[in-house]
file data_36.cif (mmCIF, C-alpha atoms)
data_input
#
loop_
_atom_site.label_atom_id
_atom_site.label_comp_id
_atom_site.auth_asym_id
_atom_site.auth_seq_id
_atom_site.Cartn_x
_atom_site.Cartn_y
_atom_site.Cartn_z
CA THR A 1 0.00 0.00 0.00
CA GLN A 2 1.17 3.58 -0.66
CA CYS A 3 2.98 5.10 2.32
CA ALA A 4 4.11 8.54 3.38
CA PRO A 5 6.45 10.00 2.44
CA CYS A 6 5.31 9.32 -1.13
CA LEU A 7 8.41 9.94 -3.21
CA ASP A 8 6.74 8.95 -6.50
CA CYS A 9 3.19 7.63 -6.21
CA PHE A 10 0.07 7.27 -8.33
CA GLU A 11 -3.02 9.38 -7.59
CA GLN A 12 -5.36 7.52 -5.25
CA GLY A 13 -8.18 10.04 -4.96
CA ALA A 14 -9.85 10.70 -1.63
CA ALA A 15 -8.31 7.72 0.16
CA PRO A 16 -5.49 8.90 2.47
CA VAL A 17 -1.95 7.58 2.02
CA LEU A 18 -0.87 5.44 4.97
CA ASP A 19 1.26 7.44 7.40
CA PRO A 20 3.42 5.01 9.42
CA ALA A 21 4.19 7.73 11.97
CA ALA A 22 0.50 7.91 12.86
CA SER A 23 0.32 4.22 13.80
CA SER A 24 1.40 3.12 17.28
CA THR A 25 1.56 -0.52 16.09
CA HIS A 26 3.62 -0.01 12.91
CA ALA A 27 7.12 -1.49 12.84
CA ALA A 28 9.64 -1.62 9.98
CA LEU A 29 11.25 -5.02 9.46
CA PRO A 30 15.04 -5.21 9.90
CA CYS A 31 17.07 -6.37 6.92
CA ASP A 32 18.08 -9.60 8.67
CA ALA A 33 14.42 -10.68 9.09
CA PRO A 34 13.56 -14.02 7.36
CA LEU A 35 11.01 -12.39 5.06
CA CYS A 36 13.50 -9.77 3.95
CA ARG A 37 15.92 -12.52 2.97
CA ALA A 38 13.10 -14.48 1.26
CA LEU A 39 12.20 -11.78 -1.26
CA PRO A 40 14.20 -11.62 -4.51
CA PHE A 41 15.28 -7.94 -4.37
CA THR A 42 15.98 -6.40 -0.97
CA SER A 43 18.70 -4.38 0.72
CA CYS A 44 19.47 -2.58 3.96
CA GLY A 45 18.16 0.95 4.14
CA GLY A 46 20.45 3.91 4.65
CA ARG A 47 19.80 7.02 6.65
CA SER A 48 16.93 8.27 4.47
CA TRP A 49 15.09 4.90 4.65
CA GLY A 50 15.81 4.04 8.28
CA ASP A 51 19.10 2.36 9.17
CA ARG A 52 19.04 -1.44 8.91
CA SER A 53 15.41 -1.48 7.70
CA CYS A 54 14.45 -3.87 4.90
CA VAL A 55 14.08 -2.02 1.60
CA TYR A 56 12.40 -4.01 -1.18
CA VAL A 57 11.80 -3.74 -4.93
CA TYR A 58 8.91 -5.85 -6.23
CA HIS A 59 7.48 -6.35 -9.73
CA TYR A 60 4.08 -7.82 -10.64
CA GLY A 61 2.96 -9.67 -13.75
CA ASP A 62 1.13 -6.59 -15.07
CA ARG A 63 4.39 -4.59 -14.83
CA SER A 64 3.36 -2.74 -11.69
CA LEU A 65 6.32 -1.76 -9.50
CA THR A 66 6.62 -0.92 -5.83
CA VAL A 67 9.69 0.18 -3.86
CA GLY A 68 9.57 0.74 -0.12
CA GLN A 69 10.07 -0.78 3.30
CA LEU A 70 8.77 -4.10 4.56
CA ALA A 71 6.75 -3.51 7.71
CA THR A 72 4.28 -5.11 10.08
CA ASP A 73 1.13 -3.62 11.53
CA SER A 74 -2.20 -4.63 13.00
CA PHE A 75 -4.91 -5.07 10.35
CA THR A 76 -8.59 -5.26 11.29
CA PHE A 77 -10.92 -7.40 9.17
CA GLY A 78 -14.70 -7.65 9.19
CA GLY A 79 -16.33 -10.12 11.57
CA ASP A 80 -14.96 -11.42 14.83
CA ASP A 81 -13.19 -14.56 15.96
CA ASN A 82 -16.26 -16.00 17.66
CA ALA A 83 -18.27 -15.72 14.46
CA GLY A 84 -15.55 -17.24 12.32
CA GLY A 85 -14.13 -13.91 11.25
CA LEU A 86 -10.50 -12.84 11.34
CA ALA A 87 -10.77 -9.68 13.47
CA ALA A 88 -7.36 -8.09 14.14
CA ARG A 89 -4.20 -9.75 12.84
CA ARG A 90 -0.60 -8.65 12.56
CA VAL A 91 0.38 -8.70 8.88
CA THR A 92 3.67 -8.13 7.07
CA PHE A 93 3.26 -5.85 4.05
CA GLY A 94 5.06 -3.54 1.67
CA CYS A 95 4.96 0.10 2.73
CA GLY A 96 5.51 1.59 -0.72
CA HIS A 97 7.18 4.98 -1.19
CA ILE A 98 7.62 4.61 -4.98
CA ASN A 99 4.73 2.95 -6.83
CA LYS A 100 4.05 2.65 -10.56
CA GLY A 101 1.51 0.80 -12.67
CA ILE A 102 -1.97 0.90 -14.15
CA PHE A 103 -4.00 2.18 -11.21
CA GLN A 104 -7.32 3.99 -10.96
CA ALA A 105 -8.06 6.92 -8.67
CA ASN A 106 -9.86 4.68 -6.15
CA GLU A 107 -7.00 2.22 -5.61
CA THR A 108 -4.31 2.27 -2.93
CA GLY A 109 -2.16 -0.75 -3.78
CA ILE A 110 -2.19 -4.49 -4.43
CA ALA A 111 -3.20 -7.40 -2.19
CA GLY A 112 -1.52 -10.69 -3.08
CA PHE A 113 -3.85 -13.71 -2.90
CA GLY A 114 -1.55 -16.33 -4.46
CA ARG A 115 -0.24 -19.58 -3.02
CA GLY A 116 3.02 -17.98 -1.89
CA ARG A 117 4.09 -18.05 1.76
CA TRP A 118 3.63 -14.30 2.22
CA SER A 119 0.32 -13.73 0.42
CA LEU A 120 -2.56 -12.43 2.51
CA PRO A 121 -4.43 -15.80 2.75
CA SER A 122 -1.16 -17.54 3.66
CA GLN A 123 -0.28 -15.05 6.39
CA LEU A 124 -3.79 -15.32 7.82
CA ASN A 125 -3.58 -19.12 7.60
CA VAL A 126 -7.00 -19.44 5.96
CA THR A 127 -7.98 -22.48 3.90
CA SER A 128 -10.44 -20.72 1.61
CA PHE A 129 -11.36 -17.35 0.21
CA SER A 130 -13.80 -15.97 -2.33
CA TYR A 131 -14.58 -12.86 -4.29
CA CYS A 132 -17.42 -11.45 -6.34
CA PHE A 133 -16.48 -8.55 -8.62
CA THR A 134 -19.18 -6.13 -9.68
CA SER A 135 -19.18 -4.80 -13.24
CA MET A 136 -16.22 -2.56 -14.07
CA PHE A 137 -18.75 0.02 -15.22
CA ASP A 138 -20.65 -0.03 -11.91
CA THR A 139 -19.32 2.93 -9.93
CA LYS A 140 -21.81 2.70 -7.05
CA SER A 141 -21.63 -0.90 -5.81
CA SER A 142 -18.87 -2.62 -3.86
CA SER A 143 -17.25 -5.94 -4.68
CA VAL A 144 -16.98 -8.57 -1.95
CA VAL A 145 -13.91 -10.47 -0.78
CA THR A 146 -14.20 -13.07 2.01
CA LEU A 147 -11.38 -14.75 3.91
CA GLY A 148 -11.49 -17.72 6.22
CA ALA A 149 -15.00 -19.17 6.03
CA ALA A 150 -15.41 -22.82 5.04
CA ALA A 151 -15.69 -23.25 1.27
CA ALA A 152 -19.06 -25.00 1.52
CA GLU A 153 -20.36 -22.16 3.66
CA LEU A 154 -19.18 -19.59 1.13
CA LEU A 155 -21.07 -21.35 -1.66
CA HIS A 156 -24.36 -21.47 0.22
CA THR A 157 -24.19 -18.20 2.13
CA HIS A 158 -26.25 -15.51 0.38
CA HIS A 159 -27.09 -18.02 -2.34
CA ALA A 160 -30.05 -15.80 -3.27
CA ALA A 161 -27.48 -13.58 -5.01
CA HIS A 162 -26.48 -16.47 -7.29
CA THR A 163 -28.15 -16.35 -10.70
CA GLY A 164 -27.08 -19.77 -11.93
CA ASP A 165 -25.70 -23.15 -10.92
CA VAL A 166 -22.42 -23.66 -9.06
CA ARG A 167 -19.71 -25.34 -11.15
CA THR A 168 -16.66 -27.04 -9.65
CA THR A 169 -13.26 -28.02 -11.03
CA ARG A 170 -9.77 -28.81 -9.76
CA LEU A 171 -7.03 -26.41 -8.74
CA ILE A 172 -3.64 -27.66 -9.91
CA LYS A 173 -0.23 -26.94 -8.41
CA ASN A 174 2.68 -26.31 -10.74
CA PRO A 175 6.13 -26.54 -9.10
CA SER A 176 7.65 -24.24 -11.73
CA GLN A 177 5.18 -21.46 -10.81
CA PRO A 178 4.17 -22.36 -7.25
CA SER A 179 2.30 -19.18 -6.37
CA LEU A 180 -0.22 -19.41 -9.26
CA TYR A 181 -3.61 -21.11 -9.44
CA PHE A 182 -3.66 -23.48 -12.41
CA VAL A 183 -6.95 -24.90 -13.69
CA PRO A 184 -7.51 -27.80 -16.14
CA LEU A 185 -8.86 -26.03 -19.24
CA ARG A 186 -9.85 -28.66 -21.81
CA GLY A 187 -11.15 -26.47 -24.61
CA ILE A 188 -12.83 -23.25 -25.77
CA SER A 189 -16.07 -22.94 -27.72
CA VAL A 190 -17.36 -19.98 -29.71
CA GLY A 191 -21.07 -20.49 -30.27
CA GLY A 192 -21.53 -24.17 -30.99
CA ALA A 193 -18.05 -24.58 -32.49
CA ARG A 194 -15.23 -26.08 -30.45
CA VAL A 195 -12.06 -24.17 -31.32
CA ALA A 196 -9.53 -26.46 -33.01
CA VAL A 197 -6.82 -26.35 -30.34
CA PRO A 198 -5.26 -29.54 -28.90
CA GLU A 199 -6.33 -30.10 -25.29
CA SER A 200 -2.69 -30.64 -24.36
CA ARG A 201 -1.98 -26.99 -25.24
CA LEU A 202 -4.39 -25.80 -22.56
CA ARG A 203 -4.54 -28.26 -19.66
CA SER A 204 -1.22 -27.54 -17.98
CA SER A 205 -0.78 -23.89 -18.93
CA THR A 206 -3.99 -22.14 -17.78
CA ILE A 207 -4.20 -19.97 -14.67
CA ILE A 208 -7.04 -18.00 -13.12
CA ASP A 209 -5.90 -14.59 -11.91
CA SER A 210 -7.95 -12.02 -10.01
CA GLY A 211 -5.35 -9.33 -10.71
CA ALA A 212 -4.93 -9.67 -14.49
CA SER A 213 -7.31 -7.43 -16.40
CA ILE A 214 -8.49 -9.42 -19.43
CA THR A 215 -8.10 -13.00 -20.55
CA THR A 216 -5.01 -13.57 -22.68
CA LEU A 217 -4.31 -16.51 -24.97
CA PRO A 218 -1.19 -17.77 -26.73
CA GLU A 219 -1.02 -16.18 -30.16
CA ASP A 220 -2.04 -19.28 -32.14
CA VAL A 221 -4.94 -20.03 -29.78
CA TYR A 222 -6.08 -16.41 -29.97
CA GLU A 223 -6.01 -16.49 -33.78
CA ALA A 224 -8.15 -19.65 -33.78
CA VAL A 225 -10.70 -18.06 -31.43
CA LYS A 226 -10.64 -14.84 -33.45
CA ALA A 227 -11.32 -16.74 -36.69
CA GLU A 228 -14.44 -18.31 -35.14
CA PHE A 229 -15.81 -14.95 -34.01
CA VAL A 230 -15.12 -13.39 -37.41
CA SER A 231 -16.95 -16.22 -39.17
CA GLN A 232 -19.95 -16.17 -36.83
CA VAL A 233 -20.53 -12.49 -35.97
CA GLY A 234 -21.23 -11.44 -39.56
CA LEU A 235 -20.19 -7.80 -39.16
CA PRO A 236 -17.36 -6.00 -40.96
CA ALA A 237 -14.10 -5.49 -39.11
CA ALA A 238 -13.76 -2.10 -37.43
CA ALA A 239 -11.26 0.34 -38.91
CA ALA A 240 -7.75 0.02 -37.54
CA GLY A 241 -7.14 2.24 -34.55
CA SER A 242 -10.83 2.55 -33.67
CA ALA A 243 -10.29 0.67 -30.41
CA ALA A 244 -7.45 -0.56 -28.22
CA LEU A 245 -8.63 -4.14 -28.68
CA ASP A 246 -7.84 -6.15 -31.78
CA LEU A 247 -11.01 -8.20 -32.33
CA CYS A 248 -13.50 -5.45 -33.16
CA PHE A 249 -16.45 -5.06 -35.50
CA ALA A 250 -18.16 -2.02 -37.01
CA LEU A 251 -21.72 -1.61 -35.74
CA PRO A 252 -24.43 -0.76 -38.29
CA VAL A 253 -26.86 2.10 -37.62
CA ALA A 254 -29.55 -0.47 -36.83
CA ALA A 255 -27.51 -1.61 -33.83
CA LEU A 256 -28.44 1.63 -32.07
CA TRP A 257 -31.85 0.14 -31.30
CA ARG A 258 -31.21 -3.60 -31.69
CA ARG A 259 -28.09 -5.22 -30.27
CA PRO A 260 -26.41 -7.56 -32.73
CA ALA A 261 -26.16 -11.22 -31.78
CA VAL A 262 -22.75 -12.41 -30.58
CA PRO A 263 -21.89 -16.12 -30.22
CA ALA A 264 -21.44 -17.49 -26.71
CA LEU A 265 -17.91 -17.90 -25.35
CA THR A 266 -17.45 -21.01 -23.19
CA LEU A 267 -14.42 -22.30 -21.28
CA HIS A 268 -14.54 -26.08 -20.81
CA LEU A 269 -12.91 -27.20 -17.54
CA ASP A 270 -12.46 -30.65 -16.00
CA GLY A 271 -15.40 -32.12 -14.14
CA GLY A 272 -17.94 -30.87 -16.66
CA ALA A 273 -17.45 -27.33 -15.37
CA ASP A 274 -18.41 -25.39 -18.49
CA TRP A 275 -17.94 -21.68 -17.83
CA GLU A 276 -20.28 -19.96 -20.28
CA LEU A 277 -19.44 -16.29 -19.99
CA PRO A 278 -22.23 -13.72 -19.87
CA ARG A 279 -22.17 -11.33 -22.81
CA GLY A 280 -20.94 -8.45 -20.64
CA ASN A 281 -17.91 -10.49 -19.58
CA TYR A 282 -16.38 -10.65 -23.05
CA VAL A 283 -18.18 -8.09 -25.22
CA PHE A 284 -17.62 -4.33 -25.10
CA GLU A 285 -19.88 -2.03 -27.13
CA ASP A 286 -19.21 1.64 -27.83
CA TYR A 287 -22.28 2.95 -29.62
CA ALA A 288 -20.87 6.46 -29.95
CA ALA A 289 -17.94 5.06 -31.93
CA ARG A 290 -20.20 2.36 -33.45
CA VAL A 291 -17.82 -0.44 -32.56
CA LEU A 292 -18.21 -3.83 -30.86
CA CYS A 293 -15.15 -5.59 -29.46
CA VAL A 294 -14.50 -9.04 -28.03
CA VAL A 295 -12.47 -8.50 -24.87
CA LEU A 296 -9.64 -10.99 -25.37
CA ASP A 297 -5.97 -10.52 -26.16
CA ALA A 298 -2.97 -12.43 -27.44
CA ALA A 299 0.25 -12.77 -25.48
CA ALA A 300 3.63 -14.26 -26.21
CA GLY A 301 4.38 -17.62 -24.65
CA GLU A 302 2.23 -20.63 -23.83
CA GLN A 303 0.21 -19.45 -20.82
CA VAL A 304 -3.55 -18.87 -20.81
CA VAL A 305 -4.66 -16.32 -18.22
CA ILE A 306 -8.32 -16.05 -17.19
CA GLY A 307 -8.53 -12.39 -16.17
CA ASN A 308 -10.93 -10.42 -14.01
CA TYR A 309 -12.92 -8.87 -16.88
CA GLN A 310 -14.18 -12.38 -17.59
CA GLN A 311 -14.93 -12.91 -13.87
CA GLN A 312 -17.32 -9.98 -13.39
CA ASN A 313 -20.55 -10.84 -11.55
CA THR A 314 -19.26 -14.32 -10.77
CA ARG A 315 -18.90 -15.78 -7.27
CA VAL A 316 -15.48 -17.48 -7.30
CA VAL A 317 -14.49 -19.68 -4.34
CA TYR A 318 -11.00 -21.10 -3.76
CA ASP A 319 -10.97 -24.17 -1.51
CA LEU A 320 -7.25 -24.37 -0.75
CA GLU A 321 -7.57 -27.34 1.61
CA ASN A 322 -9.03 -29.57 -1.11
CA ASP A 323 -7.63 -27.78 -4.19
CA VAL A 324 -11.07 -27.09 -5.63
CA LEU A 325 -12.31 -24.04 -7.54
CA SER A 326 -16.04 -23.28 -7.61
CA PHE A 327 -17.84 -20.54 -9.46
CA ALA A 328 -21.42 -19.38 -10.05
CA PRO A 329 -22.97 -16.42 -11.87
CA ALA A 330 -24.12 -13.90 -9.29
CA ARG A 331 -25.41 -10.41 -8.65
CA CYS A 332 -22.32 -9.16 -6.85
CA ASP A 333 -23.97 -5.85 -5.97
CA LYS A 334 -26.79 -7.78 -4.29
CA LEU A 335 -24.28 -9.93 -2.45
CA ALA A 336 -22.45 -6.85 -1.15
CA ALA A 337 -25.69 -5.24 -0.03
CA SER A 338 -26.64 -8.34 1.97
CA LEU A 339 -23.54 -8.26 4.16
#

call {"tool": "encode", "arguments": {"input": "data_36.cif", "output": "structure tokens"}}
result
Amino acid sequence: TQCAPCLDCFEQGAAPVLDPAASSTHAALPCDAPLCRALPFTSCGGRSWGDRSCVYVYHYGDRSLTVGQLATDSFTFGGDDNAGGLAARRVTFGCGHINKGIFQANETGIAGFGRGRWSLPSQLNVTSFSYCFTSMFDTKSSSVVTLGAAAAELLHTHHAAHTGDVRTTRLIKNPSQPSLYFVPLRGISVGGARVAVPESRLRSSTIIDSGASITTLPEDVYEAVKAEFVSQVGLPAAAAGSAALDLCFALPVAALWRRPAVPALTLHLDGGADWELPRGNYVFEDYAARVLCVVLDAAAGEQVVIGNYQQQNTRVVYDLENDVLSFAPARCDKLAASL
């Protein structure tokens, strides 16, 4: 999280920057602390950073960067211990004085939820967590993140907010990337057509990521998916440069009062867990510019990343004890309002 003094920080709107001097429970970690030695890029601070304090440099997959001091402080979470909540816990975190990346004006930093030893779920020693992200275009409702409740309880609590059936698949561990959540993707369908991609290309290389923005596919897989959309949508390609996305179509005037049909996009996961994405989770329409885009992207390498644009209005539950991922379509604004 961004900390004073902010030497080079992004704008975070009305939310105040954390001032360590104002906290009676804040403590900088020394550079001989185990966590300081565990991170890939750390050093001992000089006079301006606090002698012998642990100074870190950390990069994220989306190219965000934070530089600051490792510290501990008391964090208070919703709920209480007697009700199964987490209440107050002492957490080690990055107190960032230099922070760069793609941030909005209502953000203050990044919370790591991976499998790594120092992620937030790991530090809190919880065996499950869930989230339900409201639409990116909903500026009034709050998304919900839960930590620590039993996975079964998470699936059935506030089930009235669910708008469809719960699907379940496996979470896979990959020793070469131990902090990531791999899922067994077997195939991708556009409309009724299964995209011609060997299952072996997808099964061991797909991760689900709450922090990545949009779903990315290896270039050859993306081109195969793109070809199916082009053949089924039946609209002309949008002029180059009309949108940041690549797979875009020009909307006719008639689309101003009748939305054009777009084929369904389905991710096929082990266990019969077909994730049929709602239209708003992969289609973006700009009627002023008269353009319709499929929100997918190509990336170098072999990894498939299921990003958070595709996870909007979906209750996603991670059962870390049993390595199970569950998901269900949901009204995340309704879920937030019920808490």

call {"tool": "residues_near_point", "arguments": {"input": "data_36.cif", "point": "(-18.1, -16.2, -23.4)", "cutoff": "10 Å", "atoms": "all atoms listed in the file", "output": "ChimeraX atom specification"}}
result
/A:188-191,262-267,275-283,294-295,310

call {"tool": "resolve_selection", "arguments": {"input": "data_36.cif", "expression": "the PyMOL selection byres ((chain A and resi 107-124) around 7)", "output": "PDB file with C-alpha atoms, keeping the file's coordinate frame"}}
result
ATOM      1  CA  THR A   1       0.000   0.000   0.000  1.00  0.00           C
ATOM      2  CA  GLN A   2       1.170   3.580  -0.660  1.00  0.00           C
ATOM      3  CA  GLN A  12      -5.360   7.520  -5.250  1.00  0.00           C
ATOM      4  CA  VAL A  91       0.380  -8.700   8.880  1.00  0.00           C
ATOM      5  CA  PHE A 103      -4.000   2.180 -11.210  1.00  0.00           C
ATOM      6  CA  GLN A 104      -7.320   3.990 -10.960  1.00  0.00           C
ATOM      7  CA  ALA A 105      -8.060   6.920  -8.670  1.00  0.00           C
ATOM      8  CA  ASN A 106      -9.860   4.680  -6.150  1.00  0.00           C
ATOM      9  CA  ASN A 125      -3.580 -19.120   7.600  1.00  0.00           C
ATOM     10  CA  VAL A 126      -7.000 -19.440   5.960  1.00  0.00           C
ATOM     11  CA  PRO A 178       4.170 -22.360  -7.250  1.00  0.00           C
ATOM     12  CA  SER A 179       2.300 -19.180  -6.370  1.00  0.00           C
ATOM     13  CA  LEU A 180      -0.220 -19.410  -9.260  1.00  0.00           C
TER      14      LEU A 180
END

call {"tool": "resolve_selection", "arguments": {"input": "data_36.cif", "expression": "the PyMOL selection byres ((chain A and resi 4) around 9)", "output": "list in words"}}
result
Gln2, Cys3, Pro5, Cys6, Leu7, Val17, Leu18, Asp19, Pro20, Ala21, Cys95, Gly96 and His97 of chain A

call {"tool": "atom_distance", "arguments": {"input": "data_36.cif", "atom1": "atom CA of Asn322 of chain A", "atom2": "atom CA of Thr169 of chain A"}}
result
10.9 Å

call {"tool": "residues_around", "arguments": {"input": "data_36.cif", "residues": "segment 329-336 of chain A", "least_positions_apart": "6", "cutoff": "8 Å", "atoms": "all atoms listed in the file", "output": "PyMOL selection string"}}
result
chain A and resi 132-134+141-144+158+161-166+313-315

call {"tool": "closest_residue", "arguments": {"input": "data_36.cif", "among": "A:Gly68, A:Gly45, A:Pro34, A:Pro218", "to": "Cys9 of chain A", "atoms": "all atoms listed in the file"}}
result
A:Gly68

call {"tool": "closest_residue", "arguments": {"input": "data_36.cif", "among": "A:Ala239, A:Leu35, A:Ala149, A:Val197", "to": "Ala289 of chain A", "atoms": "only C-alpha atoms"}}
result
A:Ala239

call {"tool": "resolve_selection", "arguments": {"input": "data_36.cif", "expression": "the PyMOL selection byres ((chain A and resi 306) around 8)", "output": "list of chain:residue names"}}
result
A:Thr206, A:Ile207, A:Ile208, A:Asp209, A:Ala212, A:Ile214, A:Thr215, A:Thr216, A:Val304, A:Val305, A:Gly307, A:Asn308, A:Gln310

call {"tool": "atom_distance", "arguments": {"input": "data_36.cif", "atom1": "atom CA of Lys226 of chain A", "atom2": "atom CA of Glu199 of chain A"}}
result
17.8 Å
